[in-house]
Every structure is written in C-alpha cells, then in structure tokens.
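Notes follow once the structure below has been shown.
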Amino acid sequence: AALPVAVGLIACDGLCVYVDTVRAAQEAVAAADPAVITFETRDLPRNYFDPWHYDGPANRVLGQRFAQALMGAPLEPALTPALKVDGYAMDFDGSYTVGWTFTLDRAITVTDLGAFTPPGSFLWTDTEVGIWDADTEALLVRDDVPSRYQAPASYREGFWYAAIDPVSLPPGRYAIGLVAWQGDVDRYANACTVTAGAGLTLEAGAYHEGYWLAYPEQRGAFEDGGVSFLGPSFLYVEG
C-alpha cells in the first residue's frame, strides 16, 4: 500500500478526445492515495513524425522527472532550442564549416547538437559539429549528428538533434559550426532569420573554407550577399 508511484499526466492534446478526462482521473487517483505523485508533461515536445509519442530529448527529460517526482525534487525543465527558424534561403553550395557566433548572459548546459534541414526533410549524411570559445578559439565541444542511415536522431523545428555528454558553458562569447561539403544533398541555409533562446544573443554568421571542422573565423558577408548562415544548433538547459 505504501509503494510510491509516479504518474506523468498524459499530453496527447489534439489527438486524444478524452485527454482532459484521463488527466482528471490521474489527478483524482493521486488525490486519494498519498503514495501516488503526478507531474506535468505538456511542455515536452512530441515526435515530429509520430506525434503520439515524445521525441528523444523529451523522453530523457521525462525519465528525469519520474525520478525527481519520486524523490520530491524540483522537476527538470524542458530543453530549450538555441534557435527557432523564421525564414531562410538555400542558394549556396560549397565546402565550409558554417555557423554563427553568440554570447551568453547566463550559464547553460548543452545537451544535444543539431544540424539544419528543411522542415520535414531527413539528414542524409552525418555531419561534425563543434562549439568554440570565441575569445581563445579553443574547441570545447565536438561530436557528430548522425544521418538517418546511421542512428536515430530527433527532429525539432528544422534541426536534427543528437545527444552528447552534457557540457557546461559559462557566460561569455562562443562560436558554433558544422561541416558541409560541396555537392552534398544536405545544404546549409543562408539569409536566415531566427529567434534565439533565452540568455543567448546572436552576433554574426561565420564560416571557414575547407572540408574539415575548423574555427569559423570569417564573419558576416559571404561572397556577395552579406548573408547569415544556418547549419548547427543545440538544445540546452539553464545552469
């Protein structure tokens, strides 16, 4: 009778006719039994291709919340995307490390690295992503975002994300870039308009010419256009 039970409130809004009825029943069970604890899940993104289920990063947070609910600890917040894409073009093709520079006004922990594709498209080849300290050009994070043929990744609003060992970044200046190859099916975007996540301020698009991951030291204008770049992104939590 004293066995503790954690219950995630269902969050199939728009799909389940009786979602509110079931949530009320879950809450009623918890109200009647002190061993039952409920917690919220509506803020966790669902799988783009299977909206009945959570995506990979949301499932990780869900697992943490089950443990935290049982321990009476504060619940893990949902992961924040560094960028939300508002508009873009795709009219360049070359071999570059492409990305952008940014500043942080607070400490964050990076949990996933991402690579851009047009909405609903797959990542056909794996790509290498890095984050650098913009003042020292020291490489702080490096990992691969796998293609659809290599390993599962999670699609969120224009980016395919893959988990990394979490990396803490204190307030400061940084650069992020990914490798794109001329003739590759996965082309990076330019002329981008984006919305940045909380605590993050975009400085400029950046690139480095070559076939390997390198610090993207060139800023702003690219060829004739004075355009900005979109290739990499990341998911993070504050702190």
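The chains in the structure tokens are called A, B, ... from first to last as shown; in each chain the residues are counted from 1, and the ligands are counted from 1 in the order shown.
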
What are the closest atom pairs, with distances in Å to one decimal, for each residue of segment 58-117 of chain A lying within 9 Å of segment 172-190 of chain A, using only C-alpha atoms, rows by chain and rising residue number, as CSV?
```
residue,atom,partner,partner_atom,distance
A:Tyr88,CA,A:Asn190,CA,5.9
A:Ala89,CA,A:Asn190,CA,5.2
A:Met90,CA,A:Ala189,CA,4.6
A:Asp91,CA,A:Asn190,CA,7.3
A:Phe92,CA,A:Asn190,CA,7.5
A:Asp93,CA,A:Gln182,CA,5.4
A:Gly94,CA,A:Gln182,CA,3.9
A:Ser95,CA,A:Trp181,CA,4.1
A:Tyr96,CA,A:Ala180,CA,5.5
A:Thr97,CA,A:Val179,CA,4.5
A:Val98,CA,A:Gly177,CA,5.0
A:Gly99,CA,A:Gly177,CA,4.1
A:Trp100,CA,A:Ile176,CA,5.7
A:Thr101,CA,A:Ala175,CA,4.1
A:Phe102,CA,A:Tyr174,CA,5.4
A:Thr103,CA,A:Arg173,CA,4.3
A:Leu104,CA,A:Gly172,CA,5.3
A:Asp105,CA,A:Gly172,CA,6.9
A:Arg106,CA,A:Gly172,CA,8.2
A:Ala107,CA,A:Gly172,CA,8.7
A:Ala115,CA,A:Leu178,CA,7.5
A:Phe116,CA,A:Tyr188,CA,6.9
A:Thr117,CA,A:Asp186,CA,6.8
```

Check your understanding: Within 12 Å of Asp20 of chain A, counting only C-alpha atoms, which residues qualify if same-chain residues fewer than 6 places away don't, as a list of chain:residue names?
Key -> A:Leu9, A:Ile10, A:Ala11, A:Cys12, A:Asp13, A:Gly14, A:Gln26, A:Glu27, A:Arg42

Point to revise | atom CA of Phe66 of chain A to atom CA of Tyr155 of chain A, distance in Å rounded to a single decimal | key: 23.6 Å

Check your understanding: Could you write out, as number ranges by chain, all the residues of segment 56-111 of chain A that DSSP marks as helix (DSSP H, G or I)?
Key -> A: 56-71

**Study point:** Nearest candidate to Pro146 of chain A (options A:Leu113, A:Ile108, A:Ala78, A:Ala73; using only C-alpha atoms)
**Key:** A:Leu113

All strand (DSSP E or B) positions in segment 80-216 of chain A, as an mmCIF file with N, CA and C atoms, in the first residue's frame:
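Once everything was written out, this is result30.cif:
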```
data_model
loop_
_atom_site.group_PDB
_atom_site.id
_atom_site.type_symbol
_atom_site.label_atom_id
_atom_site.label_comp_id
_atom_site.auth_asym_id
_atom_site.auth_seq_id
_atom_site.Cartn_x
_atom_site.Cartn_y
_atom_site.Cartn_z
ATOM 1 N N THR A 80 15.644 23.796 -24.108
ATOM 2 C CA THR A 80 15.418 24.983 -24.935
ATOM 3 C C THR A 80 16.250 24.895 -26.205
ATOM 4 N N PRO A 81 15.673 25.118 -27.386
ATOM 5 C CA PRO A 81 16.480 25.176 -28.604
ATOM 6 C C PRO A 81 17.214 26.508 -28.702
ATOM 7 N N LEU A 83 18.037 28.013 -31.394
ATOM 8 C CA LEU A 83 17.459 28.782 -32.487
ATOM 9 C C LEU A 83 16.086 28.259 -32.860
ATOM 10 N N LYS A 84 15.198 29.178 -33.190
ATOM 11 C CA LYS A 84 13.941 28.857 -33.867
ATOM 12 C C LYS A 84 14.003 29.531 -35.235
ATOM 13 N N VAL A 85 13.822 28.767 -36.302
ATOM 14 C CA VAL A 85 13.977 29.281 -37.654
ATOM 15 C C VAL A 85 12.702 29.992 -38.092
ATOM 16 N N ASP A 86 12.856 31.245 -38.527
ATOM 17 C CA ASP A 86 11.715 32.009 -39.027
ATOM 18 C C ASP A 86 11.720 32.116 -40.552
ATOM 19 N N GLY A 87 12.902 32.078 -41.166
ATOM 20 C CA GLY A 87 12.998 32.150 -42.621
ATOM 21 C C GLY A 87 14.420 31.890 -43.067
ATOM 22 N N TYR A 88 14.595 31.472 -44.334
ATOM 23 C CA TYR A 88 15.928 31.135 -44.825
ATOM 24 C C TYR A 88 15.889 30.989 -46.337
ATOM 25 N N ALA A 89 17.091 30.969 -46.940
ATOM 26 C CA ALA A 89 17.281 30.601 -48.344
ATOM 27 C C ALA A 89 18.316 29.495 -48.392
ATOM 28 N N TYR A 96 32.530 24.028 -46.497
ATOM 29 C CA TYR A 96 32.801 25.005 -45.446
ATOM 30 C C TYR A 96 32.444 24.424 -44.080
ATOM 31 N N THR A 97 33.069 25.000 -43.035
ATOM 32 C CA THR A 97 32.478 24.990 -41.708
ATOM 33 C C THR A 97 31.609 26.230 -41.632
ATOM 34 N N VAL A 98 30.309 26.049 -41.466
ATOM 35 C CA VAL A 98 29.386 27.184 -41.414
ATOM 36 C C VAL A 98 28.715 27.226 -40.057
ATOM 37 N N GLY A 99 28.441 28.420 -39.577
ATOM 38 C CA GLY A 99 27.792 28.555 -38.288
ATOM 39 C C GLY A 99 27.575 29.998 -37.912
ATOM 40 N N TRP A 100 27.726 30.284 -36.626
ATOM 41 C CA TRP A 100 27.427 31.623 -36.135
ATOM 42 C C TRP A 100 28.098 31.824 -34.779
ATOM 43 N N THR A 101 28.281 33.079 -34.418
ATOM 44 C CA THR A 101 28.841 33.429 -33.117
ATOM 45 C C THR A 101 27.727 33.961 -32.232
ATOM 46 N N PHE A 102 27.923 33.796 -30.925
ATOM 47 C CA PHE A 102 26.880 34.205 -29.989
ATOM 48 C C PHE A 102 27.488 34.510 -28.634
ATOM 49 N N THR A 103 26.721 35.214 -27.808
ATOM 50 C CA THR A 103 27.110 35.475 -26.427
ATOM 51 C C THR A 103 26.057 34.887 -25.495
ATOM 52 N N LEU A 104 26.507 34.502 -24.308
ATOM 53 C CA LEU A 104 25.619 34.011 -23.251
ATOM 54 C C LEU A 104 25.671 34.977 -22.085
ATOM 55 N N ILE A 108 24.763 27.896 -19.062
ATOM 56 C CA ILE A 108 23.850 26.904 -19.613
ATOM 57 C C ILE A 108 24.563 25.558 -19.677
ATOM 58 N N THR A 109 23.782 24.502 -19.863
ATOM 59 C CA THR A 109 24.327 23.179 -20.118
ATOM 60 C C THR A 109 23.799 22.693 -21.456
ATOM 61 N N VAL A 110 24.707 22.432 -22.387
ATOM 62 C CA VAL A 110 24.346 21.939 -23.717
ATOM 63 C C VAL A 110 24.158 20.429 -23.636
ATOM 64 N N THR A 111 23.004 19.935 -24.105
ATOM 65 C CA THR A 111 22.685 18.512 -24.005
ATOM 66 C C THR A 111 22.633 17.798 -25.356
ATOM 67 N N ASP A 112 22.389 18.549 -26.441
ATOM 68 C CA ASP A 112 22.226 17.963 -27.768
ATOM 69 C C ASP A 112 22.807 18.921 -28.807
ATOM 70 N N LEU A 113 23.412 18.364 -29.855
ATOM 71 C CA LEU A 113 23.851 19.149 -31.004
ATOM 72 C C LEU A 113 22.923 18.874 -32.176
ATOM 73 N N GLY A 114 22.703 19.901 -33.016
ATOM 74 C CA GLY A 114 21.759 19.759 -34.105
ATOM 75 C C GLY A 114 22.324 20.228 -35.432
ATOM 76 N N ALA A 115 21.736 19.711 -36.524
ATOM 77 C CA ALA A 115 22.101 20.080 -37.888
ATOM 78 C C ALA A 115 20.831 20.417 -38.658
ATOM 79 N N PHE A 116 20.870 21.502 -39.425
ATOM 80 C CA PHE A 116 19.686 22.001 -40.117
ATOM 81 C C PHE A 116 19.339 21.177 -41.347
ATOM 82 N N THR A 127 27.183 14.703 -39.996
ATOM 83 C CA THR A 127 27.966 15.930 -40.023
ATOM 84 C C THR A 127 28.595 16.176 -38.657
ATOM 85 N N GLU A 128 29.744 16.810 -38.673
ATOM 86 C CA GLU A 128 30.513 17.100 -37.470
ATOM 87 C C GLU A 128 30.170 18.514 -36.998
ATOM 88 N N VAL A 129 29.913 18.664 -35.704
ATOM 89 C CA VAL A 129 29.545 19.950 -35.125
ATOM 90 C C VAL A 129 30.513 20.283 -33.994
ATOM 91 N N GLY A 130 30.910 21.538 -33.897
ATOM 92 C CA GLY A 130 31.794 21.978 -32.819
ATOM 93 C C GLY A 130 31.341 23.294 -32.223
ATOM 94 N N ILE A 131 31.676 23.504 -30.953
ATOM 95 C CA ILE A 131 31.472 24.782 -30.273
ATOM 96 C C ILE A 131 32.818 25.236 -29.740
ATOM 97 N N TRP A 132 33.161 26.510 -29.986
ATOM 98 C CA TRP A 132 34.448 27.075 -29.585
ATOM 99 C C TRP A 132 34.243 28.245 -28.638
ATOM 100 N N ASP A 133 35.228 28.481 -27.805
ATOM 101 C CA ASP A 133 35.349 29.744 -27.088
ATOM 102 C C ASP A 133 35.783 30.793 -28.114
ATOM 103 N N LEU A 139 38.476 24.681 -28.933
ATOM 104 C CA LEU A 139 37.337 23.802 -29.205
ATOM 105 C C LEU A 139 36.863 23.195 -27.893
ATOM 106 N N LEU A 140 35.599 23.445 -27.540
ATOM 107 C CA LEU A 140 35.035 22.995 -26.272
ATOM 108 C C LEU A 140 34.159 21.760 -26.422
ATOM 109 N N VAL A 141 33.479 21.638 -27.555
ATOM 110 C CA VAL A 141 32.547 20.539 -27.808
ATOM 111 C C VAL A 141 32.758 20.068 -29.239
ATOM 112 N N ARG A 142 32.802 18.744 -29.443
ATOM 113 C CA ARG A 142 32.852 18.204 -30.804
ATOM 114 C C ARG A 142 32.158 16.855 -30.820
ATOM 115 N N ASP A 143 31.194 16.735 -31.739
ATOM 116 C CA ASP A 143 30.514 15.449 -31.868
ATOM 117 C C ASP A 143 29.843 15.405 -33.238
ATOM 118 N N ASP A 144 29.312 14.233 -33.575
ATOM 119 C CA ASP A 144 28.647 14.047 -34.855
ATOM 120 C C ASP A 144 27.141 14.008 -34.669
ATOM 121 N N VAL A 145 26.428 14.602 -35.628
ATOM 122 C CA VAL A 145 24.990 14.380 -35.749
ATOM 123 C C VAL A 145 24.825 13.330 -36.839
ATOM 124 N N SER A 154 16.568 13.167 -33.446
ATOM 125 C CA SER A 154 15.251 13.748 -33.179
ATOM 126 C C SER A 154 15.092 15.056 -33.931
ATOM 127 N N TYR A 155 13.973 15.189 -34.632
ATOM 128 C CA TYR A 155 13.717 16.383 -35.447
ATOM 129 C C TYR A 155 12.881 17.382 -34.656
ATOM 130 N N ARG A 156 13.371 18.619 -34.596
ATOM 131 C CA ARG A 156 12.627 19.704 -33.961
ATOM 132 C C ARG A 156 12.815 20.977 -34.776
ATOM 133 N N PHE A 159 15.779 21.207 -37.298
ATOM 134 C CA PHE A 159 17.070 20.643 -36.934
ATOM 135 C C PHE A 159 16.908 19.185 -36.507
ATOM 136 N N TRP A 160 17.897 18.360 -36.863
ATOM 137 C CA TRP A 160 18.025 17.004 -36.338
ATOM 138 C C TRP A 160 19.015 17.056 -35.177
ATOM 139 N N TYR A 161 18.583 16.590 -33.998
ATOM 140 C CA TYR A 161 19.405 16.674 -32.792
ATOM 141 C C TYR A 161 19.861 15.289 -32.339
ATOM 142 N N ALA A 162 21.086 15.240 -31.830
ATOM 143 C CA ALA A 162 21.646 14.024 -31.249
ATOM 144 C C ALA A 162 22.235 14.375 -29.884
ATOM 145 N N ALA A 163 22.037 13.489 -28.917
ATOM 146 C CA ALA A 163 22.501 13.738 -27.557
ATOM 147 C C ALA A 163 24.023 13.681 -27.470
ATOM 148 N N ILE A 164 24.591 14.486 -26.571
ATOM 149 C CA ILE A 164 26.016 14.448 -26.244
ATOM 150 C C ILE A 164 26.136 14.335 -24.724
ATOM 151 N N ASP A 165 27.333 14.041 -24.243
ATOM 152 C CA ASP A 165 27.580 14.180 -22.817
ATOM 153 C C ASP A 165 27.412 15.657 -22.474
ATOM 154 N N PRO A 166 26.549 16.002 -21.519
ATOM 155 C CA PRO A 166 26.267 17.418 -21.249
ATOM 156 C C PRO A 166 27.532 18.226 -20.990
ATOM 157 N N VAL A 167 27.559 19.446 -21.547
ATOM 158 C CA VAL A 167 28.712 20.335 -21.435
ATOM 159 C C VAL A 167 28.235 21.682 -20.887
ATOM 160 N N SER A 168 28.862 22.148 -19.818
ATOM 161 C CA SER A 168 28.501 23.430 -19.204
ATOM 162 C C SER A 168 29.264 24.568 -19.873
ATOM 163 N N LEU A 169 28.543 25.636 -20.212
ATOM 164 C CA LEU A 169 29.150 26.835 -20.783
ATOM 165 C C LEU A 169 28.832 28.016 -19.877
ATOM 166 N N GLY A 172 29.657 34.202 -21.651
ATOM 167 C CA GLY A 172 30.813 34.550 -22.477
ATOM 168 C C GLY A 172 30.461 34.527 -23.951
ATOM 169 N N ARG A 173 31.507 34.554 -24.784
ATOM 170 C CA ARG A 173 31.360 34.582 -26.237
ATOM 171 C C ARG A 173 31.761 33.226 -26.822
ATOM 172 N N TYR A 174 30.986 32.748 -27.814
ATOM 173 C CA TYR A 174 31.210 31.428 -28.384
ATOM 174 C C TYR A 174 30.956 31.452 -29.897
ATOM 175 N N ALA A 175 31.433 30.411 -30.549
ATOM 176 C CA ALA A 175 31.138 30.174 -31.961
ATOM 177 C C ALA A 175 30.732 28.718 -32.118
ATOM 178 N N ILE A 176 29.815 28.470 -33.049
ATOM 179 C CA ILE A 176 29.384 27.110 -33.353
ATOM 180 C C ILE A 176 29.439 26.919 -34.863
ATOM 181 N N GLY A 177 29.839 25.726 -35.298
ATOM 182 C CA GLY A 177 29.912 25.455 -36.731
ATOM 183 C C GLY A 177 29.736 23.986 -37.026
ATOM 184 N N LEU A 178 29.302 23.694 -38.258
ATOM 185 C CA LEU A 178 29.260 22.310 -38.729
ATOM 186 C C LEU A 178 29.898 22.229 -40.105
ATOM 187 N N VAL A 179 30.303 21.015 -40.484
ATOM 188 C CA VAL A 179 30.960 20.792 -41.764
ATOM 189 C C VAL A 179 29.903 20.475 -42.823
ATOM 190 N N ALA A 180 29.966 21.191 -43.944
ATOM 191 C CA ALA A 180 29.123 20.914 -45.108
ATOM 192 C C ALA A 180 30.028 20.804 -46.327
ATOM 193 N N ALA A 189 21.852 26.616 -44.957
ATOM 194 C CA ALA A 189 20.989 27.731 -45.342
ATOM 195 C C ALA A 189 21.717 29.054 -45.157
ATOM 196 N N ASN A 190 21.194 30.072 -45.820
ATOM 197 C CA ASN A 190 21.727 31.426 -45.692
ATOM 198 C C ASN A 190 20.557 32.408 -45.659
ATOM 199 N N ALA A 191 20.876 33.696 -45.538
ATOM 200 C CA ALA A 191 19.840 34.738 -45.456
ATOM 201 C C ALA A 191 18.789 34.363 -44.423
ATOM 202 N N CYS A 192 19.262 33.944 -43.265
ATOM 203 C CA CYS A 192 18.366 33.364 -42.263
ATOM 204 C C CYS A 192 17.812 34.431 -41.321
ATOM 205 N N THR A 193 16.597 34.226 -40.912
ATOM 206 C CA THR A 193 16.035 34.975 -39.795
ATOM 207 C C THR A 193 15.651 33.953 -38.738
ATOM 208 N N VAL A 194 16.063 34.211 -37.506
ATOM 209 C CA VAL A 194 15.869 33.251 -36.428
ATOM 210 C C VAL A 194 15.505 33.978 -35.146
ATOM 211 N N THR A 195 14.954 33.233 -34.213
ATOM 212 C CA THR A 195 14.724 33.709 -32.855
ATOM 213 C C THR A 195 15.619 32.900 -31.932
ATOM 214 N N ALA A 196 16.402 33.593 -31.105
ATOM 215 C CA ALA A 196 17.348 32.919 -30.221
ATOM 216 C C ALA A 196 16.697 32.570 -28.895
ATOM 217 N N LEU A 200 20.665 33.922 -24.808
ATOM 218 C CA LEU A 200 21.575 33.778 -25.949
ATOM 219 C C LEU A 200 21.349 34.940 -26.916
ATOM 220 N N THR A 201 22.433 35.647 -27.280
ATOM 221 C CA THR A 201 22.366 36.746 -28.247
ATOM 222 C C THR A 201 23.222 36.402 -29.453
ATOM 223 N N LEU A 202 22.633 36.404 -30.649
ATOM 224 C CA LEU A 202 23.387 36.129 -31.873
ATOM 225 C C LEU A 202 24.234 37.327 -32.241
ATOM 226 N N GLU A 203 25.475 37.044 -32.699
ATOM 227 C CA GLU A 203 26.365 38.116 -33.133
ATOM 228 C C GLU A 203 26.432 38.194 -34.654
ATOM 229 N N ALA A 204 26.850 37.099 -35.305
ATOM 230 C CA ALA A 204 27.045 37.134 -36.756
ATOM 231 C C ALA A 204 27.101 35.734 -37.312
ATOM 232 N N GLY A 205 26.805 35.600 -38.605
ATOM 233 C CA GLY A 205 27.102 34.366 -39.309
ATOM 234 C C GLY A 205 28.612 34.226 -39.448
ATOM 235 N N ALA A 206 29.100 32.998 -39.551
ATOM 236 C CA ALA A 206 30.543 32.777 -39.607
ATOM 237 C C ALA A 206 30.845 31.540 -40.437
ATOM 238 N N TYR A 207 32.059 31.508 -41.036
ATOM 239 C CA TYR A 207 32.414 30.334 -41.835
ATOM 240 C C TYR A 207 33.933 30.200 -41.930
ATOM 241 N N HIS A 208 34.351 29.010 -42.368
ATOM 242 C CA HIS A 208 35.746 28.728 -42.676
ATOM 243 C C HIS A 208 35.744 27.796 -43.882
ATOM 244 N N GLU A 209 36.515 28.129 -44.903
ATOM 245 C CA GLU A 209 36.528 27.324 -46.117
ATOM 246 C C GLU A 209 37.365 26.072 -45.914
#
```
